[in-house]
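Right, one structure below, let's go through it.
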Amino acid sequence: MIGKNVLFGALFEKLWQFLSSGAALTIYFVILFLCIGAMVITVLVMVNTEKKLDARANAGKVDANGNPILDEDDETMYRFHSLVAMDRWFTGYQPPVYNDTLSLADICRNFRDYAASHLGLYYSEEDVRKFIAGLGVSHLVVMQGLSGTGKTSMATAFGNYLANMSTVISVQPMWKERSDIIGYFNEFTKKFREGTLLKKLYEARHTDEIYVVVLDEMNIARVEYYFADFLSQMELNPANRYLEVVSDTMADDPLLLEKGMLRIPENVWFIGTANNDDSTFAISDKVYDRAMVMNLDKKAETFAPNYVDSDKISFTHFTALVNRAKAEYRLSDEMVGKIRELDNFLIRQFRITYGNRIRRQMEEYVPIYIACGGTEAEAVDDMIAKKVLRKLDSLSPIVIRYSMDEFEELFNRLFGTDGMISCREILERLRRNAS
């Protein structure tokens, strides 16, 4: 019995010596690190699983501002991480239900009522028709006028009405090139810094919705510098409008990036707001001729609107309405003759003409404006005032004074003494400045 106790005591003493030795402490630390590592791996697996579940739950969903809730998992692996994440998100995208039964006149009426009843913004019927008809002619609309007349609010209100929030980009005075607006490739990080506009263009390529991009105070920098690529693309067939983003191609680039280029989607409209003061640049003819111009010089009177909800209108339907209007309503032969006679006078007396581009815009604008609920005379008055007569501002007051009487006599003979209100306002201003 005593021998067993001695043996047990010796074994316990040996065990205690081992457990207190440096070798045992090393084993303790190894076991501790293994336990910690196992816990870390378990946590990472749980987080990764949760992120994947969140990504599945978020597929096809949007946040409070109407933007896609993106799956940001492993986004730092790609040089276009936001665009790649957007590709993932759109795999679960379900298109909205569109209200594609509306006419252009319905859209004008509903938008006007929506802006007044939901946003407290009041616009005249004529201004709304000019706005919608302008969208039907060009994907660039320049809204100019006095501060506080609702230029930016009208553009953003239209996005609200479509239930697809407008993207407002505040133009900066130092902008000089396209990288200022779409982003640039960072050679140090090997990642592309995706600008807001690039992401919005890429999103639009995935859908049939109408997108509005507002270039707020667009002429605080030179438009023909930072927006040059887009201006040149507007002269091309829509199927051939490509924006070069990078000069090379990588296997894991976004799905809709073709050889480093992104096709500019047709369902995106650019609306630029412009102020004319000492802090801004004059907008060049290159911009004016390609854009539809809208002058907001005074606030509209308030009215009692009908309460209407937003209308989800597809780009396909809006395009079909525009094309139908061009086919159904055309400039009358009588009006074509009057416009031609006016053009001949301008060439003979002032050496100016409005050219084929503006003639084509007029031929498209007038039918769309009529489909919006207006008249041919109103549309022609608007187009001649903002596209043709504005060119007279660059002439010498002496030249204007010499020909003004003959010009007004021609106007009275062609359009009557009561018509063409917008044109007559310009003629009166030119006469005052020349006197």
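A note on labels: chains of the structure tokens are A, B, ... as shown, every chain counts residues from 1, and ligands are counted from 1 in their shown order.
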Within region 88-287 of chain A, find each residue whose DSSP state, derived from the backbone, is strand (DSSP E), and express the selection as a PDB file with C-alpha atoms, in the first residue's frame.
```pdb
ATOM      1  CA  LEU A 140     -29.779  67.422 -73.908  1.00  0.00           C
ATOM      2  CA  VAL A 141     -32.053  70.174 -72.606  1.00  0.00           C
ATOM      3  CA  VAL A 142     -30.699  73.535 -71.423  1.00  0.00           C
ATOM      4  CA  MET A 143     -32.954  75.341 -68.954  1.00  0.00           C
ATOM      5  CA  GLN A 144     -32.002  78.967 -68.498  1.00  0.00           C
ATOM      6  CA  GLY A 145     -33.538  81.978 -66.867  1.00  0.00           C
ATOM      7  CA  THR A 167     -29.519  62.416 -60.372  1.00  0.00           C
ATOM      8  CA  VAL A 168     -28.257  65.927 -59.608  1.00  0.00           C
ATOM      9  CA  ILE A 169     -24.600  66.606 -60.420  1.00  0.00           C
ATOM     10  CA  SER A 170     -23.276  69.958 -59.233  1.00  0.00           C
ATOM     11  CA  GLY A 183     -14.294  59.349 -63.111  1.00  0.00           C
ATOM     12  CA  TYR A 184     -10.733  58.159 -63.778  1.00  0.00           C
ATOM     13  CA  PHE A 185      -8.373  55.187 -63.427  1.00  0.00           C
ATOM     14  CA  ASN A 186      -6.027  55.438 -60.433  1.00  0.00           C
ATOM     15  CA  LYS A 191      -8.892  50.850 -59.445  1.00  0.00           C
ATOM     16  CA  PHE A 192     -11.229  53.069 -61.458  1.00  0.00           C
ATOM     17  CA  ARG A 193     -12.757  55.862 -59.447  1.00  0.00           C
ATOM     18  CA  GLU A 194     -16.305  55.569 -60.724  1.00  0.00           C
ATOM     19  CA  TYR A 211     -33.411  58.472 -66.344  1.00  0.00           C
ATOM     20  CA  VAL A 212     -32.863  62.189 -65.751  1.00  0.00           C
ATOM     21  CA  VAL A 213     -29.380  63.558 -65.014  1.00  0.00           C
ATOM     22  CA  VAL A 214     -29.335  67.202 -63.925  1.00  0.00           C
ATOM     23  CA  LEU A 215     -26.157  69.188 -64.586  1.00  0.00           C
ATOM     24  CA  ASP A 216     -26.758  71.921 -62.056  1.00  0.00           C
ATOM     25  CA  TYR A 242     -19.911  54.691 -77.211  1.00  0.00           C
ATOM     26  CA  LEU A 243     -18.015  56.334 -74.380  1.00  0.00           C
ATOM     27  CA  GLU A 244     -14.422  55.178 -73.903  1.00  0.00           C
ATOM     28  CA  MET A 261     -16.197  51.254 -73.826  1.00  0.00           C
ATOM     29  CA  LEU A 262     -19.752  51.762 -72.568  1.00  0.00           C
ATOM     30  CA  ARG A 263     -22.581  52.319 -75.014  1.00  0.00           C
ATOM     31  CA  VAL A 268     -30.868  58.865 -70.220  1.00  0.00           C
ATOM     32  CA  TRP A 269     -31.601  62.590 -70.626  1.00  0.00           C
ATOM     33  CA  PHE A 270     -29.234  65.375 -69.565  1.00  0.00           C
ATOM     34  CA  ILE A 271     -30.884  68.541 -68.294  1.00  0.00           C
ATOM     35  CA  GLY A 272     -28.534  71.423 -67.693  1.00  0.00           C
ATOM     36  CA  THR A 273     -29.521  74.484 -65.691  1.00  0.00           C
ATOM     37  CA  ALA A 274     -27.799  77.715 -66.674  1.00  0.00           C
TER      38      ALA A 274
END
```
Go through A:Asp418, A:Pro397, A:Phe131, A:Val171 and flag the residue nearest Arg432 (chain A), using only C-alpha atoms for the distances.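 Of A:Asp418, A:Pro397, A:Phe131, A:Val171, the one nearest Arg432 (chain A), counting only C-alpha atoms, is A:Pro397.
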Using only C-alpha atoms, the best pick from A:Glu425, A:Tyr288, A:Leu410, A:Ile368 as closest to Ser103 (chain A) would be A:Ile368
Show which residues sit within 7 Å of region 250-256 of chain A, as a PyMOL selection string. Count only C-alpha atoms, and ignore same-chain residues fewer than 6 positions away. chain A and resi 78+80+83-84+87+262
Would you tabulate, counting only C-alpha atoms, all residues of region 61-169 of chain A that have an atom at most 12 Å from an atom of region 234-237 of chain A, showing the closest pair of atoms and their distance in Å to one decimal, sorted by chain then ascending number, as CSV?
```
residue,atom,partner,partner_atom,distance
A:Val137,CA,A:Met234,CA,11.5
A:Ser138,CA,A:Met234,CA,8.5
A:His139,CA,A:Met234,CA,8.0
A:Leu140,CA,A:Met234,CA,8.8
```
If you keep C-alpha atoms, can you produce a file of those selected residues as a PDB file, in the first residue's frame?
```
ATOM      1  CA  VAL A 137     -36.239  66.039 -79.783  1.00  0.00           C
ATOM      2  CA  SER A 138     -32.908  65.965 -77.940  1.00  0.00           C
ATOM      3  CA  HIS A 139     -31.314  64.120 -75.026  1.00  0.00           C
ATOM      4  CA  LEU A 140     -29.779  67.422 -73.908  1.00  0.00           C
TER       5      LEU A 140
END
```
Can you list, as a PyMOL selection string, every protein, DNA or RNA residue that comes within 9 Å of Leu392 (chain A) when you count only C-alpha atoms, leaving out same-chain residues fewer than 4 positions away? chain A and resi 350+352+388+396+400+430
CA of Val322 (chain A) and CA of Ile370 (chain A), how far apart in Å?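 Computing it gives 10.9 Å between the two atoms.
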